[in-house]
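Asker: Hey, dropping run_39.tsv in here, TSV, C-alpha atoms and all ligand atoms:
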```
chain	number	residue	atom	x	y	z
S	16	MET	CA	61.65	93.94	114.37
S	17	ARG	CA	62.60	97.54	113.63
S	18	ASP	CA	62.10	98.53	110.03
S	19	ASP	CA	65.16	100.77	109.69
S	20	VAL	CA	67.42	97.74	109.39
S	21	MET	CA	69.77	98.29	106.48
S	22	LEU	CA	71.74	95.05	106.50
S	23	ARG	CA	70.22	91.81	107.68
S	24	VAL	CA	72.25	88.62	107.91
S	25	GLU	CA	70.17	85.54	108.63
S	26	GLY	CA	71.27	82.08	109.69
S	27	LEU	CA	74.56	82.14	107.83
S	28	ASN	CA	76.56	78.92	107.67
S	29	LYS	CA	79.82	78.40	105.87
S	30	VAL	CA	81.73	75.19	105.35
S	31	PHE	CA	84.94	75.31	103.32
S	32	ASP	CA	85.18	72.04	101.46
S	33	SER	CA	88.57	71.43	99.98
S	34	GLY	CA	88.10	67.82	98.92
S	35	ASN	CA	89.37	65.67	101.78
S	36	ARG	CA	89.15	68.44	104.36
S	37	LYS	CA	86.05	70.28	105.55
S	38	VAL	CA	86.35	73.41	107.70
S	39	GLU	CA	83.23	74.71	109.37
S	40	ALA	CA	83.88	78.45	109.54
S	41	LEU	CA	80.49	79.95	110.49
S	42	SER	CA	77.52	78.48	112.27
S	43	ASP	CA	74.10	80.13	112.26
S	44	VAL	CA	75.31	83.73	112.28
S	45	SER	CA	72.61	86.39	112.27
S	46	LEU	CA	73.01	90.13	112.67
S	47	GLU	CA	71.29	93.40	111.90
S	48	ILE	CA	72.69	96.82	111.20
S	49	ARG	CA	70.53	99.92	111.18
S	50	LYS	CA	71.15	102.95	109.03
S	51	SER	CA	74.01	105.14	110.36
S	52	GLU	CA	74.96	102.53	112.93
S	53	PHE	CA	78.60	101.70	113.69
S	54	VAL	CA	78.68	97.98	114.40
S	55	MET	CA	81.76	96.06	115.49
S	56	ILE	CA	82.45	92.35	115.28
S	57	VAL	CA	85.10	91.04	117.62
S	58	GLY	CA	86.24	87.46	117.98
S	59	PRO	CA	89.26	85.20	118.36
S	60	SER	CA	91.67	84.68	115.50
S	61	GLY	CA	90.37	82.21	112.95
S	62	CYS	CA	86.75	82.34	114.17
S	63	GLY	CA	85.42	83.30	110.74
S	64	LYS	CA	85.33	87.12	110.84
S	65	THR	CA	86.91	87.63	107.41
S	66	THR	CA	84.74	84.85	105.99
S	67	LEU	CA	81.66	86.65	107.33
S	68	ILE	CA	82.57	90.05	105.91
S	69	ASN	CA	83.57	88.48	102.59
S	70	ILE	CA	80.17	86.83	102.34
S	71	ILE	CA	78.47	90.16	103.11
S	72	GLY	CA	80.72	91.83	100.53
S	73	GLY	CA	79.74	89.17	97.98
S	74	LEU	CA	83.32	87.92	97.58
S	75	GLU	CA	82.51	84.55	99.09
S	76	ARG	CA	79.38	82.41	98.97
S	77	ALA	CA	77.59	81.15	102.08
S	78	THR	CA	76.79	77.46	102.37
S	79	SER	CA	73.34	78.47	103.62
S	80	GLY	CA	71.59	81.52	105.05
S	81	SER	CA	71.02	84.93	103.54
S	82	VAL	CA	72.36	88.47	103.39
S	83	LEU	CA	69.86	91.25	102.66
S	84	LEU	CA	70.82	94.86	102.01
S	85	ASP	CA	67.77	97.13	102.06
S	86	GLY	CA	65.69	94.00	101.65
S	87	ARG	CA	67.54	92.89	98.52
S	88	GLN	CA	69.42	89.62	98.47
S	89	VAL	CA	73.18	90.01	98.10
S	90	SER	CA	74.58	87.59	95.53
S	91	GLY	CA	77.90	89.13	94.47
S	92	PRO	CA	80.07	92.21	94.92
S	93	GLY	CA	78.40	95.58	94.39
S	94	ALA	CA	79.00	99.32	94.62
S	95	ASP	CA	76.44	99.48	97.45
S	96	ARG	CA	79.06	97.89	99.74
S	97	GLY	CA	82.45	99.58	100.04
S	98	MET	CA	85.21	97.39	101.39
S	99	VAL	CA	88.38	98.49	103.22
S	100	PHE	CA	90.95	95.84	104.12
S	101	GLN	CA	94.11	95.75	106.20
S	102	GLY	CA	96.30	95.93	103.05
S	103	TYR	CA	95.85	99.35	101.52
S	104	SER	CA	95.11	98.05	98.03
S	105	LEU	CA	95.97	101.36	96.36
S	106	PHE	CA	97.18	101.54	92.79
S	107	PRO	CA	100.90	102.32	93.31
S	108	TRP	CA	101.25	104.08	89.96
S	109	LEU	CA	98.36	106.48	90.58
S	110	THR	CA	98.47	109.67	92.64
S	111	VAL	CA	96.26	110.15	95.71
S	112	GLN	CA	93.85	112.16	93.56
S	113	LYS	CA	93.66	109.48	90.84
S	114	ASN	CA	93.30	106.69	93.39
S	115	VAL	CA	90.33	108.44	94.99
S	116	GLU	CA	88.80	109.19	91.59
S	117	PHE	CA	89.20	105.64	90.35
S	118	GLY	CA	85.70	104.32	91.09
S	119	LEU	CA	84.15	107.55	89.84
S	120	LYS	CA	85.99	107.16	86.56
S	121	MET	CA	84.66	103.62	86.27
S	122	LYS	CA	81.19	105.10	86.72
S	123	LYS	CA	82.04	107.48	83.86
S	124	LEU	CA	81.49	110.65	85.85
S	125	PRO	CA	82.70	113.80	84.06
S	126	ALA	CA	86.21	114.95	85.02
S	127	ALA	CA	85.10	118.12	86.82
S	128	GLU	CA	82.60	116.24	88.95
S	129	ARG	CA	85.19	113.58	89.78
S	130	ARG	CA	87.63	116.25	90.89
S	131	ASP	CA	85.07	117.89	93.18
S	132	ILE	CA	83.98	114.64	94.81
S	133	ALA	CA	87.59	113.48	95.27
S	134	ALA	CA	88.57	116.86	96.76
S	135	LYS	CA	85.74	116.59	99.30
S	136	TYR	CA	86.81	113.15	100.51
S	137	ILE	CA	90.54	113.90	100.43
S	138	GLU	CA	89.81	116.82	102.72
S	139	LEU	CA	87.54	114.70	104.92
S	140	VAL	CA	90.38	112.26	105.63
S	141	GLY	CA	92.86	115.09	106.24
S	142	LEU	CA	94.99	114.68	103.12
S	143	LYS	CA	94.51	118.09	101.54
S	144	GLY	CA	97.85	119.07	100.01
S	145	PHE	CA	98.81	115.46	99.18
S	146	GLU	CA	96.68	115.13	96.03
S	147	SER	CA	99.63	114.61	93.72
S	148	ALA	CA	101.61	112.29	96.00
S	149	LEU	CA	102.15	108.64	95.06
S	150	PRO	CA	101.34	105.88	97.58
S	151	LYS	CA	105.05	105.08	98.11
S	152	GLN	CA	105.52	108.63	99.41
S	153	LEU	CA	102.91	108.12	102.15
S	154	SER	CA	103.01	106.53	105.61
S	155	GLY	CA	100.81	103.53	106.42
S	156	GLY	CA	98.22	105.72	108.14
S	157	MET	CA	98.11	108.07	105.18
S	158	LYS	CA	97.68	105.18	102.74
S	159	GLN	CA	94.76	103.94	104.76
S	160	ARG	CA	93.27	107.46	104.68
S	161	VAL	CA	93.44	107.29	100.87
S	162	ALA	CA	91.78	103.87	100.89
S	163	ILE	CA	88.97	105.22	103.08
S	164	ALA	CA	88.53	108.33	100.91
S	165	ARG	CA	88.44	106.21	97.77
S	166	THR	CA	85.78	103.93	99.21
S	167	LEU	CA	83.66	106.80	100.56
S	168	ALA	CA	83.88	108.66	97.23
S	169	ASN	CA	81.82	105.85	95.68
S	170	GLU	CA	79.10	106.62	98.24
S	171	PRO	CA	78.35	103.05	99.25
S	172	GLU	CA	75.35	102.34	101.47
S	173	ILE	CA	77.55	100.55	103.94
S	174	LEU	CA	81.27	100.48	104.64
S	175	LEU	CA	82.67	97.00	105.34
S	176	MET	CA	86.03	97.16	107.12
S	177	ASP	CA	88.18	94.12	107.93
S	178	GLU	CA	90.89	95.04	110.46
S	179	PRO	CA	91.70	98.19	108.47
S	180	PHE	CA	94.13	99.49	111.09
S	181	GLY	CA	95.73	96.14	111.89
S	182	ALA	CA	99.04	97.00	110.24
S	183	LEU	CA	99.46	100.39	111.92
S	184	ASP	CA	101.51	101.25	115.00
S	185	ALA	CA	99.61	101.89	118.24
S	186	GLN	CA	99.62	105.70	118.09
S	187	THR	CA	98.67	105.91	114.41
S	188	ARG	CA	95.94	103.40	115.10
S	189	VAL	CA	94.31	105.64	117.71
S	190	VAL	CA	94.59	108.66	115.39
S	191	MET	CA	92.87	106.66	112.64
S	192	GLN	CA	90.19	105.40	115.04
S	193	GLU	CA	89.42	108.98	116.06
S	194	LEU	CA	89.31	110.03	112.41
S	195	LEU	CA	86.88	107.24	111.53
S	196	ALA	CA	84.68	107.99	114.57
S	197	ASP	CA	84.56	111.60	113.43
S	198	ILE	CA	83.77	110.69	109.81
S	199	SER	CA	81.00	108.33	110.86
S	200	ARG	CA	79.42	111.04	113.02
S	201	ARG	CA	79.71	113.75	110.39
S	202	THR	CA	78.61	111.73	107.38
S	203	ASN	CA	76.19	109.24	109.05
S	204	THR	CA	77.89	106.42	107.19
S	205	THR	CA	76.74	102.94	108.15
S	206	ILE	CA	79.78	100.87	109.12
S	207	LEU	CA	80.44	97.20	109.83
S	208	PHE	CA	83.93	96.91	111.27
S	209	ILE	CA	85.81	93.75	112.14
S	210	THR	CA	88.61	93.62	114.64
S	211	HIS	CA	90.23	91.40	117.20
S	212	ASP	CA	91.33	94.49	119.15
S	213	ILE	CA	88.94	94.90	122.07
S	214	ASP	CA	89.89	98.55	122.72
S	215	GLU	CA	89.09	99.34	119.11
S	216	ALA	CA	85.73	97.56	119.34
S	217	VAL	CA	84.65	99.45	122.46
S	218	LEU	CA	86.02	102.80	121.32
S	219	LEU	CA	84.21	102.78	117.96
S	220	GLY	CA	81.12	100.64	118.30
S	221	ASP	CA	77.51	101.62	118.92
S	222	ARG	CA	77.02	97.89	119.25
S	223	ILE	CA	79.46	94.98	119.42
S	224	TYR	CA	78.82	91.44	118.27
S	225	VAL	CA	81.17	89.06	120.10
S	226	MET	CA	81.89	85.84	118.23
S	227	SER	CA	82.84	82.47	119.63
S	228	ARG	CA	85.85	80.51	118.42
S	229	ARG	CA	85.45	78.55	115.20
S	230	PRO	CA	82.90	77.65	113.98
S	231	GLY	CA	82.03	81.28	114.57
S	232	ARG	CA	78.70	81.89	116.27
S	233	ILE	CA	77.39	85.11	117.80
S	234	ARG	CA	77.98	84.76	121.54
S	235	GLU	CA	76.74	88.09	122.74
S	236	ILE	CA	75.58	91.49	121.51
S	237	LEU	CA	76.60	94.52	123.57
S	238	THR	CA	75.47	98.12	123.36
S	239	VAL	CA	78.12	100.75	124.07
S	240	GLU	CA	77.01	103.99	125.61
S	241	LEU	CA	80.06	106.22	125.75
S	242	PRO	CA	79.86	109.99	125.43
S	243	GLU	CA	80.54	111.64	122.06
S	244	PRO	CA	82.97	112.43	120.61
S	245	ARG	CA	84.61	109.03	120.76
S	246	ASN	CA	88.31	109.68	121.23
S	247	HIS	CA	91.28	108.56	123.32
S	248	HIS	CA	89.78	110.16	126.43
S	249	CYS	CA	87.15	107.40	126.37
S	250	LEU	CA	89.86	104.76	126.93
S	251	VAL	CA	90.15	105.59	130.64
S	252	MET	CA	86.44	105.87	131.42
S	253	ALA	CA	84.81	103.43	133.83
S	254	GLU	CA	82.13	102.39	131.28
S	255	PHE	CA	84.87	101.67	128.76
S	256	GLN	CA	86.84	99.51	131.19
S	257	GLN	CA	83.72	97.65	132.27
S	258	ILE	CA	82.72	96.60	128.73
S	259	LYS	CA	86.33	95.84	127.87
S	260	SER	CA	86.81	93.47	130.81
S	261	HIS	CA	83.49	91.77	130.06
S	262	ILE	CA	84.59	91.05	126.47
S	263	MET	CA	88.06	89.97	127.61
S	264	GLU	CA	86.48	87.54	130.01
S	265	MET	CA	84.33	86.07	127.22
S	266	LEU	CA	87.28	85.73	124.86
S	267	TRP	CA	89.41	84.16	127.59
S	268	GLN	CA	86.66	81.61	128.14
S	269	GLU	CA	86.65	80.87	124.43
S	270	SER	CA	90.39	80.27	124.36
S	271	SER	CA	90.44	78.18	127.52
S	272	ASP	CA	87.54	76.06	126.19
S	273	ALA	CA	89.57	75.62	122.99
S	274	ALA	CA	92.58	74.48	125.05
S	275	MET	CA	90.37	71.94	126.89
S	276	ASP	CA	89.20	70.52	123.55
S	277	LYS	CA	92.76	69.72	122.50
V	301	LIG	N1	89.33	79.73	101.22
V	301	LIG	C1	89.40	78.96	102.28
V	301	LIG	N2	89.50	77.62	102.19
V	301	LIG	C2	89.54	76.82	103.27
V	301	LIG	N3	89.47	77.27	104.54
V	301	LIG	C3	89.37	78.59	104.71
V	301	LIG	C4	89.33	79.52	103.62
V	301	LIG	N4	89.21	80.78	104.12
V	301	LIG	C5	89.20	80.65	105.44
V	301	LIG	N5	89.28	79.35	105.81
V	301	LIG	C6	89.25	78.83	107.18
V	301	LIG	O1	88.10	79.32	107.82
V	301	LIG	C7	88.37	79.66	109.17
V	301	LIG	C8	88.03	81.10	109.42
V	301	LIG	O2	88.93	81.95	108.72
V	301	LIG	P1	88.81	83.54	108.72
V	301	LIG	O3	89.91	84.07	107.89
V	301	LIG	O4	87.42	83.91	108.34
V	301	LIG	O5	89.04	83.89	110.26
V	301	LIG	P2	89.28	85.30	110.98
V	301	LIG	O6	88.36	85.33	112.15
V	301	LIG	O7	89.18	86.39	109.99
V	301	LIG	O8	90.79	85.18	111.50
V	301	LIG	P3	91.85	86.34	111.82
V	301	LIG	O9	91.43	86.98	113.11
V	301	LIG	O10	93.14	85.60	111.98
V	301	LIG	O11	91.83	87.30	110.66
V	301	LIG	C9	89.85	79.34	109.39
V	301	LIG	O12	89.95	78.07	110.00
V	301	LIG	C10	90.42	79.31	107.99
V	301	LIG	O13	91.50	78.44	107.91
V	302	MG	MG	90.48	87.88	109.33
```
Show this structure as structure tokens.
Answerer:
Amino acid sequence: MRDDVMLRVEGLNKVFDSGNRKVEALSDVSLEIRKSEFVMIVGPSGCGKTTLINIIGGLERATSGSVLLDGRQVSGPGADRGMVFQGYSLFPWLTVQKNVEFGLKMKKLPAAERRDIAAKYIELVGLKGFESALPKQLSGGMKQRVAIARTLANEPEILLMDEPFGALDAQTRVVMQELLADISRRTNTTILFITHDIDEAVLLGDRIYVMSRRPGRIREILTVELPEPRNHHCLVMAEFQQIKSHIMEMLWQESSDAAMDK
């Protein structure tokens, strides 16, 4: 096994037990993410993707199996994992600047240092000039830029993203995908990104884990070799289409098998 693995998930199982009803969400899920890698997880709705990322983020406990970050067992939330969700989760009463500085303030960084770090990440996400705006004055894409800047400002070892662009319109989505591809390349951030959008998975991923329907298992691991930079031009390339149709085929099989089970 390569020794530059940053995040190692081993044999994860999750059963939700709500008294009279048991839901098996994940079954024997293992995955590895190397430093600076951009890894996507794609799978049908309800297959356990959010459960998986919540366990990695320490927000949820696995029934069995382990999550290791740099060889250390994950047992709860931590600043080493920065999470970005579909909802923007900004503080509505704080300006862009204060939202981005929030985690730094918690860490008791001096004001001048906080300002410098926040300015760097606000610029990185293309929001220079909007420092004093409130979230309600921003579009959905801009709010998600703030959320990304705020998470990156805490300098986590890995970024965990659960359908972060799911609420955005199609054009804004592509703009945000290109922005994230660019940030990942420029900052070498390690990213685990969950989506059910196959285009998004192929456009962004160095590797893609395809999950089965619930209970979620890893069905296949694909490596994507598209030219850099990853941007909307990639969407029409033959390699892109080939991987996309392969994943579509797999997911169709999953849903038709599910229909047969009914
Ligand atoms: N807290 C909970 N208690 C009981 N069951 C739960 C809980 N959270 C999730 N589940 C169940 O676990 C399964 C997986 O849910 P999860 O949200 O992880 O799926 P998902 O792949 O993220 O779906 P989507 O693509 O719709 O976001 C579902 O059947 C869901 O109902
Ligand atoms: Mg989900």
Asker: Quick check, in Å to one decimal: how far apart do CA of Thr202 (chain S) and CA of Thr65 (chain S) lie?
Answerer: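 Taking CA of Thr202 (chain S) and CA of Thr65 (chain S), their separation equals 25.5 Å.
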Asker: How many Å separate CA of Asp19 (chain S) from CA of Thr238 (chain S)?
Answerer: 17.3 Å
Asker: At a cut-off of 12 Å, can you tabulate as a tab-separated table every residue of chain S near ligand MG 302 (chain V) together with its closest atom pair and the distance in Å to one decimal, using only C-alpha atoms and all ligand atoms and ordering rows by chain then number?
Answerer:
```
residue	atom	partner	partner_atom	distance
S:Ala40	CA	V:MG302	MG	11.5
S:Ile56	CA	V:MG302	MG	10.9
S:Val57	CA	V:MG302	MG	10.4
S:Gly58	CA	V:MG302	MG	9.6
S:Pro59	CA	V:MG302	MG	9.5
S:Ser60	CA	V:MG302	MG	7.1
S:Gly61	CA	V:MG302	MG	6.7
S:Cys62	CA	V:MG302	MG	8.2
S:Gly63	CA	V:MG302	MG	7.0
S:Lys64	CA	V:MG302	MG	5.4
S:Thr65	CA	V:MG302	MG	4.1
S:Thr66	CA	V:MG302	MG	7.3
S:Leu67	CA	V:MG302	MG	9.1
S:Ile68	CA	V:MG302	MG	8.9
S:Asn69	CA	V:MG302	MG	9.7
S:Phe100	CA	V:MG302	MG	9.5
S:Gln101	CA	V:MG302	MG	9.2
S:Gly102	CA	V:MG302	MG	11.8
S:Met176	CA	V:MG302	MG	10.5
S:Asp177	CA	V:MG302	MG	6.8
S:Glu178	CA	V:MG302	MG	7.3
S:Pro179	CA	V:MG302	MG	10.4
S:Gly181	CA	V:MG302	MG	10.1
S:Phe208	CA	V:MG302	MG	11.3
S:Ile209	CA	V:MG302	MG	8.0
S:Thr210	CA	V:MG302	MG	8.0
S:His211	CA	V:MG302	MG	8.6
S:Asp212	CA	V:MG302	MG	11.9
S:Gly231	CA	V:MG302	MG	11.9
```
Asker: Please provide the set of residues having any atom within 9 Å of Ser104 (chain S), restricted to all atoms listed in the file, with same-chain residues fewer than 5 positions apart removed, written as a list in words.
Answerer: Val99, Lys158, Gln159 and Ala162 of chain S
Asker: I need the residue nearest Glu25 (chain S) from this list: S:Leu218, S:Val251, S:Leu83, S:Ile70. Use all atoms listed in the file for the distance.
Answerer: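 Among the listed residues, the smallest separation from Glu25 (chain S) belongs to S:Leu83.
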Asker: How big is the axis-aligned box around all listed atoms of ligand LIG 301 (chain V) once 8 Å goes on each side, and where's its centre, in Å to one decimal, as JSON?
Answerer:
```
{"center_x": 90.3, "center_y": 82.1, "center_z": 107.2, "size_x": 21.7, "size_y": 26.5, "size_z": 27.9}
```
Asker: Take the point (87.2, 112.7, 93.6) as written in the file and pick out every residue within 9 Å of it, counting all atoms listed in the file; give the list as a ChimeraX atom specification.
Answerer: /S:112-119,126-137,164-165,168-169
Asker: Name the residues in contact with Gln152 (chain S) at a cut-off of 10 Å, using all atoms listed in the file, excluding same-chain residues fewer than 6 positions from it; report them as an mmCIF file with C-alpha atoms, in the frame of the given file.
Answerer:
```
data_model
loop_
_atom_site.group_PDB
_atom_site.id
_atom_site.type_symbol
_atom_site.label_atom_id
_atom_site.label_comp_id
_atom_site.auth_asym_id
_atom_site.auth_seq_id
_atom_site.Cartn_x
_atom_site.Cartn_y
_atom_site.Cartn_z
ATOM 1 C CA PRO S 107 100.900 102.320 93.310
ATOM 2 C CA THR S 110 98.470 109.670 92.640
ATOM 3 C CA PHE S 145 98.810 115.460 99.180
ATOM 4 C CA LYS S 158 97.680 105.180 102.740
#
```
Asker: Let me make sure I understand: among S:Lys143, S:Arg222, S:Arg188, S:Lys259, which one has the smallest atom-to-atom distance to Ile206 (chain S) if we use all atoms listed in the file?
Answerer: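 Of all the options, S:Arg222 lies closest to Ile206 (chain S).
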Asker: To one decimal place in Å, what is the distance between CA of Gly91 (chain S) and CA of Asp43 (chain S)?
Answerer: 20.3 Å
Asker: I'd like to know which of S:Gly72, S:Gly144, S:Gly155, S:Pro150 is closest to Trp108 (chain S), using only C-alpha atoms.
Answerer: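 Selected residue with least distance to Trp108 (chain S): S:Pro150.
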Asker: May I ask which of the residues S:Gln257, S:Ser227, S:Ser51, S:Thr204 is the closest one to ligand LIG 301 (chain V), counting all atoms listed in the file?
Answerer: S:Ser227
Asker: Which one of S:Lys151, S:Arg232, S:Arg96, S:Arg23 sits closest to ligand LIG 301 (chain V) if you count only C-alpha atoms and all ligand atoms?
Answerer: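 Closest candidate: S:Arg232.
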Asker: Generate the missing atoms of region 137-165 of chain S up to N, CA and C atoms and report them as a compact mmCIF listing (two decimals), in the coordinates of the input.
Answerer:
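Output contents, as saved in rebuild_15.txt:
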```txt
# COMPACT_ATOMS: atom_id res chain seq x y z
N ILE S 137 89.13 113.75 100.06
CA ILE S 137 90.54 113.90 100.43
C ILE S 137 90.63 114.86 101.62
N GLU S 138 89.82 115.88 101.60
CA GLU S 138 89.81 116.82 102.72
C GLU S 138 89.23 116.16 103.98
N LEU S 139 88.18 115.38 103.79
CA LEU S 139 87.54 114.70 104.92
C LEU S 139 88.52 113.81 105.68
N VAL S 140 89.42 113.15 104.96
CA VAL S 140 90.38 112.26 105.63
C VAL S 140 91.69 112.98 105.99
N GLY S 141 91.71 114.30 105.80
CA GLY S 141 92.86 115.09 106.24
C GLY S 141 94.07 115.00 105.33
N LEU S 142 93.85 114.80 104.03
CA LEU S 142 94.99 114.68 103.12
C LEU S 142 95.10 115.84 102.12
N LYS S 143 94.42 116.92 102.43
CA LYS S 143 94.51 118.09 101.54
C LYS S 143 95.99 118.49 101.43
N GLY S 144 96.45 118.73 100.22
CA GLY S 144 97.85 119.07 100.01
C GLY S 144 98.66 117.88 99.51
N PHE S 145 98.08 116.67 99.61
CA PHE S 145 98.81 115.46 99.18
C PHE S 145 98.22 114.86 97.91
N GLU S 146 97.40 115.64 97.21
CA GLU S 146 96.68 115.13 96.03
C GLU S 146 97.60 114.52 94.99
N SER S 147 98.79 115.12 94.80
CA SER S 147 99.63 114.61 93.72
C SER S 147 100.71 113.64 94.21
N ALA S 148 100.63 113.25 95.48
CA ALA S 148 101.61 112.29 96.00
C ALA S 148 101.29 110.89 95.50
N LEU S 149 102.33 110.06 95.41
CA LEU S 149 102.15 108.64 95.06
C LEU S 149 102.10 107.84 96.36
N PRO S 150 101.43 106.68 96.35
CA PRO S 150 101.34 105.88 97.58
C PRO S 150 102.68 105.63 98.27
N LYS S 151 103.74 105.39 97.48
CA LYS S 151 105.05 105.08 98.11
C LYS S 151 105.60 106.26 98.91
N GLN S 152 105.05 107.45 98.67
CA GLN S 152 105.52 108.63 99.41
C GLN S 152 104.72 108.85 100.69
N LEU S 153 103.79 107.94 100.99
CA LEU S 153 102.91 108.12 102.15
C LEU S 153 103.20 107.11 103.25
N SER S 154 102.89 107.48 104.49
CA SER S 154 103.01 106.53 105.61
C SER S 154 101.82 105.56 105.55
N GLY S 155 101.89 104.52 106.39
CA GLY S 155 100.81 103.53 106.42
C GLY S 155 99.46 104.16 106.75
N GLY S 156 99.47 105.05 107.75
CA GLY S 156 98.22 105.72 108.14
C GLY S 156 97.65 106.55 107.00
N MET S 157 98.56 107.23 106.29
CA MET S 157 98.11 108.07 105.18
C MET S 157 97.54 107.22 104.05
N LYS S 158 98.18 106.07 103.80
CA LYS S 158 97.68 105.18 102.74
C LYS S 158 96.27 104.71 103.10
N GLN S 159 96.08 104.41 104.38
CA GLN S 159 94.76 103.94 104.76
C GLN S 159 93.73 105.07 104.68
N ARG S 160 94.17 106.31 104.88
CA ARG S 160 93.27 107.46 104.68
C ARG S 160 92.83 107.51 103.22
N VAL S 161 93.78 107.27 102.30
CA VAL S 161 93.44 107.29 100.87
C VAL S 161 92.43 106.18 100.57
N ALA S 162 92.69 105.00 101.13
CA ALA S 162 91.78 103.87 100.89
C ALA S 162 90.37 104.20 101.38
N ILE S 163 90.28 104.85 102.53
CA ILE S 163 88.97 105.22 103.08
C ILE S 163 88.30 106.27 102.19
N ALA S 164 89.09 107.28 101.77
CA ALA S 164 88.53 108.33 100.91
C ALA S 164 88.04 107.72 99.60
N ARG S 165 88.82 106.82 99.04
CA ARG S 165 88.44 106.21 97.77
C ARG S 165 87.13 105.43 97.89
```
